[in-house]
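Student: Below is the structure I would like to discuss, written out as structure tokens.
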Amino acid sequence: MSNLKYRLAIIVGLVLLSAWALFPRDVKTRQRHADGTFYDTVTRRVPLRKGLDLSGGMHLALDVDESKGVVANKSEAIDRALKVVRTRIEGMGVSETIVQKAGNDRILVDIPGIDDRERAIRLAQDQAFLAFQITDKTNALAKALPRLDGIARARGFGAAPATKATGGQQKGAGLNGLLTSGDTTKAAAKPDSAAADTAKATGEISKFILAGQMPGEYVYEAKYDDLLKNFFRDSAVVAALPPGKVVRFGNDSTVQGGTTYRYLYMLDERPIMTGEHLKDAKPNTSPSDGTIVQFSLDNEGGRRFQRETARHLGDYMAIVLDNVVMGRPPVIQGAIGTSGQITMGQGRDLQAAQDLSLVLKAGALPVPLKVAEVRNIGPSLGQDSINKSFMAGGIAVVLVILVMLVYYRFSGFLAVMGLLLYVLYTLATLAGFDAVLTVPGLAGFVLSIGIAVDANVLIFERIREELDRGKTVRTAIEEGFHHAKSAIIDSNVTTVLTAMVLYQFGTGPVKGFAVTLIAGIIASMVTAIFVVRTFFLLWLNRSRGAQTLSI
């Protein structure tokens, strides 16, 4: 009796877990702008959405972006970019995506039932070029200030909003004032209204920038973000920077005295390492660093990284993704080998780390891509075809149920009850994979129902044989399940192996069919061997040793 209670508790627990997996709910996700900043969105998560052939989805056209330079061989570049985009989009979940080349300079992406359009666009577009660069130790930005202020006045970049004065603010706390005092390690000071008004009038960009807490780090008020980014993108400003140095903005921020500050960094232009040797990346959390991405390099990359970091002990190393500094640069305390981590910065959740690890594992795009077209698309199958597909599946399921009830009677009824739980468990498993319902997927689902019934047929026929040998009902049931188990496992394992090959080498509908078949086979083994047997034990317990069995 105790064993029966545990069995029933497990079945009820699986039912509740499946219901939770299939229940629609709002999900809060964190997205990343092109400049590395993050924002929150709330989307409605609907498990088991319909696929492209049933309900349509989002169509995305990506072209080569030549605004940053001419691409010599577009066709070859698109071929390489195609693999990266496909890996990234399919990494969002098993969602029957279609990623294909159109002409020599365009990639077409069709995503079914997409809830988060911005995330899909960002994953497809992100260049994902990773570099490790040392922060400047020579005060190169301070030395370039006279030239930069002259360019700011000439270009009119000083037209920024004035800052209202508040009590306790320091006077004249611009970059010049902080650096000439020789104190570049104390916390950033706050510019007062006089400094901001002077900057607005004279066009001195340096008045907006304050020294940070480490070499090469500077801070500025967040409201001047667009002003400074436009300024440092100007070709004349780039030319005025010291040779071998670059300015990069950070994705992190800090709040002091109710004012939000952001970071910019002067870095050595030559990276000590790039992401070309990156082998794997995984999201994680750390009590001290918060949300992080742990990465590993191949052997060649590990040797180079160890050699370069050993040369820069005590220096600060910025981790730069698509020209944005991720988090704040850590100090190199020892030689780093084949593994390391990227700190996402304050307030970053696990979703941001998952997306970053996804694009890093997929690799950097060989060429920049831009979105040429975004639109919604209708189902690829006509409504008549969809209706006939559902009708065929429904007829198959009804026939299976009728055969079990007519041929095996009461035992068939218990198998049908197990079949209902099988359907629930399978759908919950597919929801856990973030799968979508398509016609090939439904075909795999109906096929797995037949496989589930086949397991019950093996068991029932073995029970019949044991009953014909004169054994009691309880013994016949025990022997039937015991002797049929090995045959069931062997046949299902071979089918799972075949489906795994389809999943590994297939794309789109083929992969969806494989996932549905695997989920169905696993659920069928659980229901046939465990659930239906529990039903038999419950019946034996209630009937107090029945002498006959309707089978």
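To be explicit about the labels: the chains of the structure tokens are called A, B, and onward in the order shown, and within each one the residues are counted from 1, while ligands get numbers from 1 in the order they are shown.
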May I have the residues within 10 Å of A:Phe445 as a list in words, using only C-alpha atoms and disregarding those fewer than 5 positions away in the same chain?
Tutor: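 Neighbouring residues, sequence-local ones excluded: Gly393, Val423, Thr426, Leu427, Leu437, Val439, Pro440, Gly450, Ile451, Phe513, Ala514, Val515, Thr516, Leu517, Ile518, Ala519, Gly520 and Ile521 of chain A.
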Student: Considering only C-alpha atoms, give me a table of residues in stretch 267-323 of chain A that are at most 6 Å from stretch 127-140 of chain A, with the closest atom pair and distance in Å for each, as JSON lines.
Tutor:
{"residue": "A:Leu267", "atom": "CA", "partner": "A:Thr135", "partner_atom": "CA", "distance": 4.3}
{"residue": "A:Asp268", "atom": "CA", "partner": "A:Ile134", "partner_atom": "CA", "distance": 5.6}
{"residue": "A:Pro271", "atom": "CA", "partner": "A:Gln133", "partner_atom": "CA", "distance": 4.5}
{"residue": "A:Ile272", "atom": "CA", "partner": "A:Phe132", "partner_atom": "CA", "distance": 5.8}
{"residue": "A:Met273", "atom": "CA", "partner": "A:Phe132", "partner_atom": "CA", "distance": 5.2}
{"residue": "A:Thr274", "atom": "CA", "partner": "A:Ala131", "partner_atom": "CA", "distance": 4.2}
{"residue": "A:Gly275", "atom": "CA", "partner": "A:Leu130", "partner_atom": "CA", "distance": 4.8}
{"residue": "A:Tyr316", "atom": "CA", "partner": "A:Thr135", "partner_atom": "CA", "distance": 5.7}
{"residue": "A:Met317", "atom": "CA", "partner": "A:Ile134", "partner_atom": "CA", "distance": 4.5}
{"residue": "A:Ala318", "atom": "CA", "partner": "A:Gln133", "partner_atom": "CA", "distance": 5.2}
{"residue": "A:Ile319", "atom": "CA", "partner": "A:Phe132", "partner_atom": "CA", "distance": 4.8}
{"residue": "A:Val320", "atom": "CA", "partner": "A:Ala131", "partner_atom": "CA", "distance": 5.1}
{"residue": "A:Leu321", "atom": "CA", "partner": "A:Leu130", "partner_atom": "CA", "distance": 4.6}
{"residue": "A:Asp322", "atom": "CA", "partner": "A:Phe129", "partner_atom": "CA", "distance": 5.1}
Student: Could you turn the residues from that selection into a file that holds all heavy atoms, as a short mmCIF file (atom, residue, chain, number, x, y, z; two decimals), in the first residue's frame?
Tutor:
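The file below, again-v7.cif, is the result:
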data_model
loop_
_atom_site.label_atom_id
_atom_site.label_comp_id
_atom_site.auth_asym_id
_atom_site.auth_seq_id
_atom_site.Cartn_x
_atom_site.Cartn_y
_atom_site.Cartn_z
N LEU A 267 41.44 53.01 -24.33
CA LEU A 267 42.03 51.68 -24.38
C LEU A 267 43.17 51.63 -25.39
O LEU A 267 43.22 52.43 -26.33
CB LEU A 267 40.98 50.63 -24.77
CG LEU A 267 39.68 50.59 -23.98
CD1 LEU A 267 38.74 49.57 -24.60
CD2 LEU A 267 39.95 50.26 -22.52
N ASP A 268 44.08 50.68 -25.17
CA ASP A 268 45.06 50.39 -26.20
C ASP A 268 44.33 49.79 -27.40
O ASP A 268 43.50 48.87 -27.25
CB ASP A 268 46.09 49.38 -25.69
CG ASP A 268 46.99 49.96 -24.60
OD1 ASP A 268 47.00 51.19 -24.45
OD2 ASP A 268 47.66 49.17 -23.90
N PRO A 271 44.22 44.70 -29.43
CA PRO A 271 43.73 43.77 -28.41
C PRO A 271 44.78 42.71 -28.10
O PRO A 271 45.52 42.28 -28.99
CB PRO A 271 42.48 43.16 -29.06
CG PRO A 271 42.72 43.26 -30.52
CD PRO A 271 43.53 44.53 -30.73
N ILE A 272 44.85 42.30 -26.86
CA ILE A 272 45.77 41.23 -26.51
C ILE A 272 45.18 39.87 -26.89
O ILE A 272 45.89 38.87 -26.96
CB ILE A 272 46.10 41.24 -25.00
CG1 ILE A 272 44.84 40.97 -24.16
CG2 ILE A 272 46.75 42.54 -24.61
CD1 ILE A 272 45.13 40.79 -22.69
N MET A 273 43.86 39.86 -27.17
CA MET A 273 43.19 38.61 -27.53
C MET A 273 41.83 38.95 -28.15
O MET A 273 41.21 39.95 -27.78
CB MET A 273 42.98 37.74 -26.27
CG MET A 273 42.45 36.36 -26.54
SD MET A 273 43.71 35.32 -27.30
CE MET A 273 42.76 33.84 -27.59
N THR A 274 41.39 38.15 -29.10
CA THR A 274 40.05 38.30 -29.68
C THR A 274 39.27 37.01 -29.48
O THR A 274 39.78 36.02 -28.95
CB THR A 274 40.13 38.62 -31.19
OG1 THR A 274 40.73 37.52 -31.88
CG2 THR A 274 40.95 39.89 -31.44
N GLY A 275 38.02 37.02 -29.88
CA GLY A 275 37.16 35.88 -29.67
C GLY A 275 37.27 34.78 -30.70
O GLY A 275 36.47 33.84 -30.68
N TYR A 316 44.61 46.81 -16.00
CA TYR A 316 43.17 46.58 -16.10
C TYR A 316 42.84 46.16 -17.54
O TYR A 316 43.29 46.79 -18.50
CB TYR A 316 42.39 47.84 -15.72
CG TYR A 316 42.44 48.15 -14.24
CD1 TYR A 316 43.50 48.87 -13.70
CD2 TYR A 316 41.45 47.70 -13.39
CE1 TYR A 316 43.57 49.15 -12.34
CE2 TYR A 316 41.49 47.98 -12.02
CZ TYR A 316 42.55 48.70 -11.51
OH TYR A 316 42.60 48.96 -10.16
N MET A 317 42.05 45.12 -17.66
CA MET A 317 41.73 44.57 -18.97
C MET A 317 40.23 44.74 -19.26
O MET A 317 39.38 44.20 -18.54
CB MET A 317 42.10 43.08 -19.03
CG MET A 317 41.78 42.41 -20.37
SD MET A 317 42.22 40.65 -20.37
CE MET A 317 40.99 40.02 -19.19
N ALA A 318 39.92 45.48 -20.31
CA ALA A 318 38.53 45.68 -20.71
C ALA A 318 38.09 44.54 -21.62
O ALA A 318 38.83 44.13 -22.52
CB ALA A 318 38.37 47.02 -21.43
N ILE A 319 36.90 44.02 -21.37
CA ILE A 319 36.31 42.99 -22.22
C ILE A 319 35.31 43.69 -23.13
O ILE A 319 34.28 44.18 -22.68
CB ILE A 319 35.64 41.89 -21.38
CG1 ILE A 319 36.67 41.27 -20.43
CG2 ILE A 319 35.04 40.82 -22.28
CD1 ILE A 319 36.09 40.30 -19.45
N VAL A 320 35.62 43.77 -24.42
CA VAL A 320 34.89 44.60 -25.37
C VAL A 320 34.11 43.72 -26.33
O VAL A 320 34.70 42.88 -27.02
CB VAL A 320 35.85 45.53 -26.14
CG1 VAL A 320 35.07 46.49 -27.02
CG2 VAL A 320 36.74 46.30 -25.17
N LEU A 321 32.80 43.92 -26.38
CA LEU A 321 31.95 43.18 -27.30
C LEU A 321 31.28 44.19 -28.23
O LEU A 321 30.54 45.07 -27.79
CB LEU A 321 30.88 42.39 -26.55
CG LEU A 321 29.90 41.60 -27.41
CD1 LEU A 321 30.60 40.45 -28.12
CD2 LEU A 321 28.74 41.06 -26.58
N ASP A 322 31.57 44.06 -29.54
CA ASP A 322 31.02 44.99 -30.53
C ASP A 322 31.29 46.44 -30.14
O ASP A 322 30.40 47.30 -30.15
CB ASP A 322 29.51 44.77 -30.71
CG ASP A 322 29.21 43.47 -31.41
OD1 ASP A 322 30.12 42.91 -32.03
OD2 ASP A 322 28.06 43.01 -31.33
#
Student: Have a look at A:Leu227, A:Val398, A:Val64, A:Leu22 and name the one nearest to A:Leu419; count only C-alpha atoms.
Tutor: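 Distance minimum relative to A:Leu419 lands on A:Val398.
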Student: Counting only C-alpha atoms, which residue out of A:Tyr263, A:Val255, A:Arg7, A:Val371 sits closest to A:Ile529?
Tutor: A:Arg7
Student: Please, which residues of stretch 260-401 of chain A, numbered as in this document, come out strand (DSSP E) from DSSP, as a PyMOL selection string?
Tutor: chain A and resi 260-268+273-274+278-286+290-297+317-321+324-325+339-343+369-377
Student: Return the single residue from A:Arg304, A:Arg153, A:Lys143, A:Arg88 that is closest to A:Glu276, with distances computed using only C-alpha atoms.
Tutor: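 Between A:Arg304, A:Arg153, A:Lys143, A:Arg88, the residue approaching A:Glu276 most closely is A:Arg304.
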Student: Skip stretch 532-542 of chain A itself and residues of its chain fewer than 5 positions away, then list as a compact mmCIF listing (two decimals) with N, CA, C and O atoms, in the first residue's frame all residues within 9 Å of it, counting only C-alpha atoms.
Tutor:
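The resulting out.txt:
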# COMPACT_ATOMS: atom_id res chain seq x y z
N MET A 1 0.83 -1.21 0.00
CA MET A 1 0.00 0.00 0.00
C MET A 1 0.87 1.27 0.00
O MET A 1 0.59 2.24 -0.67
N LEU A 4 2.16 1.93 -3.37
CA LEU A 4 1.10 2.48 -4.23
C LEU A 4 0.91 3.97 -3.98
O LEU A 4 0.70 4.74 -4.93
N ARG A 7 3.62 5.84 -5.80
CA ARG A 7 3.36 5.85 -7.24
C ARG A 7 2.32 6.90 -7.60
O ARG A 7 2.49 7.66 -8.55
N LEU A 8 1.22 6.92 -6.84
CA LEU A 8 0.16 7.90 -7.11
C LEU A 8 0.67 9.33 -6.90
O LEU A 8 0.31 10.24 -7.66
N SER A 411 -8.84 -3.80 -19.51
CA SER A 411 -7.41 -3.49 -19.58
C SER A 411 -7.14 -2.42 -20.62
O SER A 411 -6.28 -1.54 -20.44
N LEU A 414 -7.86 0.94 -19.09
CA LEU A 414 -6.74 1.45 -18.29
C LEU A 414 -5.63 2.00 -19.19
O LEU A 414 -4.99 3.01 -18.86
N ALA A 415 -5.40 1.32 -20.33
CA ALA A 415 -4.39 1.81 -21.27
C ALA A 415 -4.79 3.17 -21.85
O ALA A 415 -3.95 4.04 -22.05
N MET A 417 -6.66 5.42 -20.32
CA MET A 417 -6.43 6.40 -19.25
C MET A 417 -4.95 6.80 -19.20
O MET A 417 -4.62 7.97 -19.03
N GLY A 418 -4.08 5.79 -19.34
CA GLY A 418 -2.65 6.10 -19.41
C GLY A 418 -2.30 6.92 -20.63
O GLY A 418 -1.41 7.77 -20.59
N LEU A 419 -3.04 6.68 -21.73
CA LEU A 419 -2.79 7.42 -22.96
C LEU A 419 -3.12 8.90 -22.80
O LEU A 419 -2.44 9.77 -23.36
N ASN A 456 1.75 -1.09 -24.68
CA ASN A 456 0.66 -1.71 -23.91
C ASN A 456 0.26 -3.05 -24.52
O ASN A 456 -0.09 -4.00 -23.81
N VAL A 473 -4.27 -13.65 -11.16
CA VAL A 473 -4.33 -12.35 -11.85
C VAL A 473 -3.17 -11.45 -11.42
O VAL A 473 -2.50 -10.84 -12.25
N ARG A 474 -2.91 -11.37 -10.12
CA ARG A 474 -1.84 -10.50 -9.62
C ARG A 474 -0.47 -10.95 -10.15
O ARG A 474 0.33 -10.13 -10.62
N ILE A 477 -0.14 -10.22 -13.92
CA ILE A 477 0.14 -8.79 -14.19
C ILE A 477 1.60 -8.47 -13.89
O ILE A 477 2.28 -7.80 -14.69
N GLU A 478 2.11 -8.96 -12.74
CA GLU A 478 3.50 -8.71 -12.39
C GLU A 478 4.45 -9.30 -13.44
O GLU A 478 5.40 -8.66 -13.88
N PHE A 481 4.30 -7.33 -16.96
CA PHE A 481 5.07 -6.08 -17.00
C PHE A 481 6.56 -6.36 -16.91
O PHE A 481 7.37 -5.69 -17.58
N VAL A 526 7.16 5.98 -19.91
CA VAL A 526 6.75 6.28 -18.54
C VAL A 526 5.31 5.82 -18.29
O VAL A 526 5.01 5.20 -17.26
N THR A 527 4.42 6.12 -19.23
CA THR A 527 3.00 5.77 -19.02
C THR A 527 2.77 4.27 -19.13
O THR A 527 2.02 3.69 -18.33
